[in-house]
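Reviewing the structure listed below.
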Amino acid sequence: MTEDVRFGLARHVILPGPLRLDGGALLSPVEIAYETYGTLNADASNAVLICHALTGDQHVASPHPVTGKPGWWARMVGPGKPVDPARHFIVCANVLGSCMGSSGPATIDPATSAPWGMAFPVITIRDMVRAQALLLDHLGIAVLQAVVGGSMGGMQALSWPATFPERVRAAVVIASTARHTAQNIAFHEVGRQAVMADPKWRGGAYYDLGDPPAAGLAVARMAAHITYLSEAGLTEKFGRRLQARPDRPDGAISFGFDADFQIESYLRHQGISFVDRFDANSYLYITRAMDYFDLGGEHGGHLANAFRATKARFCLVSFDTDWLYPTAQSRAVVHALNAAGAPVSFVELSSPYGHDAFLLDAPEMNRVVDGFLRAGE
Ligand SMILES: CC(=O)SCCNC(=O)CCNC(=O)[C@H](O)C(C)(C)COP(=O)(O)OP(=O)(O)OC[C@H]1O[C@@H](n2cnc3c(N)ncnc32)[C@H](O)[C@@H]1OP(=O)(O)O
Ligand SMILES: N[C@@H](CCO)C(=O)O
């Protein structure tokens with residue numbers, strides 16, 4: 001095992017493993033890039049694990065090393081925030097399969113001394129959770145005060161008490177689901193096909209060429225980004241407004257295929273900026289892990305069975321305009337928790353911003369999470 005504190009709070013550990021994956025492969029070693037904030041107390045009872053979404057990373061409350069933007073959940077994690085380094089020892093790890101330092105297709109396969117590419121084993125949400133458990137072992141944390149996550153982070157927060165019932169006292173699950181629906185899988189498949197149709201993808205073996213499948217990945221992000229927003233939000237922000245362009249002297253409209261509408265220009269910007277911070281193969285692996293996620297399916301087809309062994313408290317939050325993981329999917333989890341006799345709070349919040357509302361200013365969400373965490377302290 002080697003540990004390298006690279007800068008500030010950012011850490012990188014290489015654990016020997018092996019980690020047995022749901023697909024049967026043994027992963028060894030297991031690299032995990034993570035950040036911590038705050039101090040672990042004497043009885044190691046104040047640890048809060050933050051789980052990130054599809055394209056998130058360990059930089060939950062510190063600037064992103066590529067974009068320089070504030071941490072993706074600096075609104076939730078930080079001094080005076082619901083998850084507060086003054087009270088909590090906060091851990092956020094880059095998930096298995098991602099591209100910010102944890103084992104994934106861009107890291108080195110010890111068998112070949114070359115990047116794994118598509119030889120990296122297919123992973124599941126539960127595999128991500130098992131890798132996080134290895135990290136907690138390494139940090140001396142037997143039991144989490146809480147695991148907190150939105151979107152795919154919420155899937156991990158659900159998988160944690162199901163996989164390690166004795167290791168979690170509370171789970172906060174925001175804008176998430178216990179299984180991917182046909183529609184969820186369909187959107188992801190569009191994105192994967194966009195990546196794979198890019199000739200620069202080259203079966204995933206593009207790392208040494210310095211010319212990744214940026215066009216395909218950008219289109220994948222554009223399609224996905226639509227699902228993170230809402231029709232009302234898009235109408236309010238862009239409507240049918242046109243992007244600024246030089247007027248023709250005769251006043252006539254010039255038709256064409258440039259990004260004429262503001263929404264087109266916005267989506268292109270989201271796609272182009274995404275490829276600077278994300279790896280195309282990681283996009284394939286993580287979307288696949290989300291598609292395979294079916295917590296009830298992992299427990300004999302009954303979601304309640306996933307929660308029978310845990311004593312954890314649960315808090316679920318959904319947003320009324322989230323059509324990716326609509327409130328009905330959170331309610332299904334609540335019903336399963338009720339059936340399993342697990343204590344659960346649930347609230348549907350109103351927001352015009354769709355699925356990604358959990359990443360934006362949402363004072364009610366912060367109040368709910370703050371109150372729920374304090375109730376267990
Ligand atoms: C959850 C996790 O674990 S990690 C999350 C991973 N991170 C993300 O998903 C972040 C990317 N997602 C986003 O930015 C999402 O849009 C949101 C919803 C979270 C952010 O929403 P907002 O803060 O309202 O930003 P908005 O959606 O308006 O996008 C702003 C960007 O669009 C650009 N933009 C706005 N209008 C236009 C336009 N007409 N043409 C081109 N670009 C435009 C802005 O210049 C800005 O660019 P920048 O990000 O490079 O500075
Ligand atoms: N927009 C976030 C959440 C998607 O579920 C992300 O890219 O990770």
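Here's how to read the names in the structure tokens: chain A, B, ... by the order shown, residue numbers from 1 in each chain, ligand numbers from 1 in the order shown.
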
Checklist entry - Within 7 Å of ligand 2, counting only C-alpha atoms and all ligand atoms: which residues, as a PyMOL selection string? => result chain A and resi 53-56+151-152+225+228+356

Item to check | Selection: 6 Å around range 212-221 of chain A, only C-alpha atoms, excl. self and same-chain fewer than 2 positions, as an MDAnalysis selection string | outcome: chainID A and resid 191 194:195 198 200:201 206 223:225 271:272 275 280

Next on the checklist: So that I can check the surroundings of Phe238 in chain A, please list as a ChimeraX atom specification every protein, DNA and RNA residue that reaches within 6 Å of it, counting only C-alpha atoms and ignoring chain neighbours fewer than 3 positions away.
Outcome noted: /A:234-235,241,262-263

Checklist entry - Quick one: DSSP helix (DSSP H, G or I) residues in range 98-179 of chain A, as JSON, numbers by chain? => result {"A": [117, 118, 119, 125, 126, 127, 128, 129, 130, 131, 132, 133, 134, 135, 136, 137, 138, 139, 152, 153, 154, 155, 156, 157, 158, 159, 160, 161, 162, 163, 165, 166, 167]}

Could those selected residues go to a file with N, CA, C and O atoms, as a compact mmCIF listing (two decimals), in the first residue's frame?
```txt
# COMPACT_ATOMS: atom_id res chain seq x y z
N GLY A 117 -7.90 0.79 -20.93
CA GLY A 117 -8.87 0.94 -22.01
C GLY A 117 -10.08 0.06 -21.74
O GLY A 117 -10.50 -0.13 -20.59
N MET A 118 -10.60 -0.57 -22.79
CA MET A 118 -11.81 -1.37 -22.64
C MET A 118 -11.52 -2.75 -22.03
O MET A 118 -12.45 -3.56 -21.83
N ALA A 119 -10.26 -3.02 -21.69
CA ALA A 119 -9.95 -4.25 -20.95
C ALA A 119 -10.26 -4.09 -19.46
O ALA A 119 -10.25 -5.06 -18.71
N ILE A 125 -22.42 -0.32 -9.40
CA ILE A 125 -22.51 0.64 -8.27
C ILE A 125 -22.00 -0.04 -6.99
O ILE A 125 -21.28 0.56 -6.20
N ARG A 126 -22.35 -1.32 -6.82
CA ARG A 126 -21.92 -2.03 -5.61
C ARG A 126 -20.40 -2.17 -5.58
O ARG A 126 -19.79 -2.13 -4.52
N ASP A 127 -19.78 -2.32 -6.73
CA ASP A 127 -18.31 -2.37 -6.77
C ASP A 127 -17.72 -1.03 -6.32
O ASP A 127 -16.69 -1.00 -5.63
N MET A 128 -18.36 0.06 -6.74
CA MET A 128 -17.88 1.38 -6.29
C MET A 128 -17.94 1.46 -4.76
O MET A 128 -17.02 1.96 -4.10
N VAL A 129 -19.05 0.96 -4.21
CA VAL A 129 -19.24 0.99 -2.75
C VAL A 129 -18.20 0.09 -2.06
O VAL A 129 -17.62 0.47 -1.03
N ARG A 130 -17.93 -1.05 -2.63
CA ARG A 130 -16.92 -1.94 -2.03
C ARG A 130 -15.54 -1.28 -2.03
O ARG A 130 -14.77 -1.44 -1.10
N ALA A 131 -15.24 -0.56 -3.09
CA ALA A 131 -13.95 0.14 -3.14
C ALA A 131 -13.90 1.23 -2.07
O ALA A 131 -12.87 1.44 -1.41
N GLN A 132 -15.03 1.93 -1.88
CA GLN A 132 -15.09 2.94 -0.82
C GLN A 132 -14.89 2.29 0.55
O GLN A 132 -14.26 2.86 1.44
N ALA A 133 -15.44 1.09 0.72
CA ALA A 133 -15.27 0.38 2.00
C ALA A 133 -13.80 0.06 2.25
O ALA A 133 -13.32 0.15 3.39
N LEU A 134 -13.08 -0.31 1.19
CA LEU A 134 -11.63 -0.55 1.34
C LEU A 134 -10.94 0.73 1.82
O LEU A 134 -10.05 0.69 2.68
N LEU A 135 -11.36 1.86 1.24
CA LEU A 135 -10.76 3.14 1.64
C LEU A 135 -11.06 3.43 3.12
O LEU A 135 -10.17 3.86 3.87
N LEU A 136 -12.30 3.18 3.54
CA LEU A 136 -12.66 3.44 4.94
C LEU A 136 -11.86 2.54 5.87
O LEU A 136 -11.43 2.96 6.95
N ASP A 137 -11.64 1.27 5.46
CA ASP A 137 -10.79 0.38 6.26
C ASP A 137 -9.41 1.02 6.43
O ASP A 137 -8.86 1.06 7.52
N HIS A 138 -8.90 1.52 5.33
CA HIS A 138 -7.57 2.15 5.33
C HIS A 138 -7.54 3.36 6.25
O HIS A 138 -6.53 3.63 6.91
N LEU A 139 -8.66 4.09 6.33
CA LEU A 139 -8.72 5.31 7.16
C LEU A 139 -9.10 5.02 8.61
O LEU A 139 -9.18 5.94 9.42
N MET A 152 -26.31 9.55 -9.12
CA MET A 152 -25.58 8.29 -8.93
C MET A 152 -24.99 8.20 -7.52
O MET A 152 -24.80 7.12 -6.99
N GLY A 153 -24.72 9.37 -6.92
CA GLY A 153 -24.27 9.37 -5.53
C GLY A 153 -25.35 8.81 -4.61
O GLY A 153 -25.06 8.13 -3.62
N GLY A 154 -26.61 9.08 -4.95
CA GLY A 154 -27.72 8.52 -4.18
C GLY A 154 -27.82 7.01 -4.34
O GLY A 154 -28.21 6.30 -3.41
N MET A 155 -27.49 6.52 -5.53
CA MET A 155 -27.49 5.06 -5.73
C MET A 155 -26.47 4.42 -4.79
O MET A 155 -26.73 3.37 -4.18
N GLN A 156 -25.30 5.04 -4.68
CA GLN A 156 -24.29 4.51 -3.75
C GLN A 156 -24.79 4.61 -2.32
O GLN A 156 -24.56 3.70 -1.51
N ALA A 157 -25.46 5.73 -2.00
CA ALA A 157 -25.96 5.90 -0.63
C ALA A 157 -27.02 4.85 -0.29
O ALA A 157 -27.16 4.45 0.87
N LEU A 158 -27.75 4.37 -1.30
CA LEU A 158 -28.70 3.28 -1.08
C LEU A 158 -27.99 1.94 -1.00
O LEU A 158 -28.36 1.05 -0.23
N SER A 159 -26.97 1.79 -1.82
CA SER A 159 -26.25 0.51 -1.88
C SER A 159 -25.43 0.28 -0.61
O SER A 159 -25.23 -0.87 -0.21
N TRP A 160 -24.97 1.35 0.02
CA TRP A 160 -24.12 1.22 1.21
C TRP A 160 -24.81 0.42 2.33
O TRP A 160 -24.28 -0.62 2.76
N PRO A 161 -25.99 0.85 2.82
CA PRO A 161 -26.61 0.08 3.91
C PRO A 161 -27.07 -1.30 3.46
O PRO A 161 -27.18 -2.22 4.29
N ALA A 162 -27.32 -1.47 2.16
CA ALA A 162 -27.70 -2.79 1.66
C ALA A 162 -26.50 -3.73 1.63
O ALA A 162 -26.62 -4.93 1.89
N THR A 163 -25.33 -3.20 1.31
CA THR A 163 -24.13 -4.03 1.16
C THR A 163 -23.40 -4.20 2.49
O THR A 163 -22.85 -5.28 2.78
N PRO A 165 -24.64 -3.49 6.04
CA PRO A 165 -25.70 -3.03 6.94
C PRO A 165 -25.18 -2.53 8.29
O PRO A 165 -25.79 -1.66 8.90
N GLU A 166 -24.05 -3.07 8.75
CA GLU A 166 -23.53 -2.69 10.07
C GLU A 166 -22.66 -1.45 10.01
O GLU A 166 -22.23 -0.96 11.06
N ARG A 167 -22.37 -0.95 8.82
CA ARG A 167 -21.36 0.11 8.72
C ARG A 167 -21.94 1.50 8.47
O ARG A 167 -21.19 2.44 8.25
```

Find the spatial neighbours of Lys81 in chain A, counting only C-alpha atoms, within a cut-off of 10 Å - ignore same-chain residues fewer than 5 positions away - and output them as a PDB file with C-alpha atoms, in the first residue's frame.
```pdb
ATOM      1  CA  ALA A  74     -19.574  23.512  -2.000  1.00  0.00           C
ATOM      2  CA  ARG A  75     -23.158  24.557  -1.275  1.00  0.00           C
ATOM      3  CA  MET A  76     -23.677  21.428   0.849  1.00  0.00           C
ATOM      4  CA  ALA A  86     -16.197  21.551  12.223  1.00  0.00           C
ATOM      5  CA  ASN A 366     -29.893  22.110   2.870  1.00  0.00           C
ATOM      6  CA  ARG A 367     -32.343  22.561   5.758  1.00  0.00           C
ATOM      7  CA  VAL A 369     -30.166  17.477   5.222  1.00  0.00           C
ATOM      8  CA  ASP A 370     -28.927  19.631   8.123  1.00  0.00           C
TER       9      ASP A 370
END
```

Checklist entry - Out of A:Arg240, A:Pro199, A:Glu264, A:Ile174, which residue has the shortest atom-to-atom distance to Tyr325 in chain A when counting only C-alpha atoms? => result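 Nearest to Tyr325 in chain A: A:Ile174.
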
Item to check | Separation of CA of Tyr292 in chain A from CA of Asp322 in chain A in Å | outcome: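 For CA of Asp322 in chain A relative to CA of Tyr292 in chain A, the distance reads 20.7 Å.
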
Next on the checklist: as a PyMOL selection string, please: every residue in range 6-246 of chain A that DSSP puts in strand (DSSP E or B).
Outcome noted: chain A and resi 6-7+10-15+19-20+26-27+30-37+47-51+77+83+89-93+108-109+114-115+144+146-150+168+170-174+179+242

Next on the checklist: One decimal, in Å: what's the spacing between atom 43 (C, counted along the ligand's line) of ligand 1 and CA of Ser265 in chain A?
Outcome noted: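 Here the two named atoms are 6.3 Å from each other.
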
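Remark: for Gln58 in chain A, the closest of the candidate residues A:His302, A:Arg11, A:His180, A:Arg313 is A:Arg11 (distances computed over only C-alpha atoms).
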
Item to check | Asn41 in chain A surroundings by only C-alpha atoms, 9 Å radius, close-in-sequence under 4 positions cut, as a ChimeraX atom specification | outcome: /A:45-47,88-89

Go ahead and dump the residues you just picked, C-alpha atoms, as a PDB file, in the first residue's frame.
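Output below, filename again_22.pdb:
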```
ATOM      1  CA  SER A  45     -17.887   8.150  14.938  1.00  0.00           C
ATOM      2  CA  ASN A  46     -18.180  11.389  12.930  1.00  0.00           C
ATOM      3  CA  ALA A  47     -17.289  10.211   9.419  1.00  0.00           C
ATOM      4  CA  HIS A  88     -17.732  15.892  10.591  1.00  0.00           C
ATOM      5  CA  PHE A  89     -14.807  14.021   9.123  1.00  0.00           C
TER       6      PHE A  89
END
```

Checklist outcome for this item: Min atom-atom distance to Arg268 in chain A from the set A:Met222, A:Ala232, A:Ala106, A:Ala182, counting only C-alpha atoms, belongs to A:Met222

Checklist entry - Taking only C-alpha atoms into account, which of A:Ala175, A:Cys315, A:Leu295, A:Met365 comes nearest Ala328 in chain A? => result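 With only C-alpha atoms as the atom set, the closest residue is A:Ala175.
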
Item to check | Using only C-alpha atoms and all ligand atoms: which of A:Ala362, A:Ala339, A:Val347, A:Val334 has the shortest distance to ligand 1 | outcome: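 Ranking A:Ala362, A:Ala339, A:Val347, A:Val334 by distance to ligand 1, first place goes to A:Ala362.
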
Item to check | A:Leu267, A:Ile286, A:Ala205, A:Ala306 ranked by distance to ligand 1, top pick (using only C-alpha atoms and all ligand atoms) | outcome: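 Smallest separation from ligand 1 among the options: A:Leu267.
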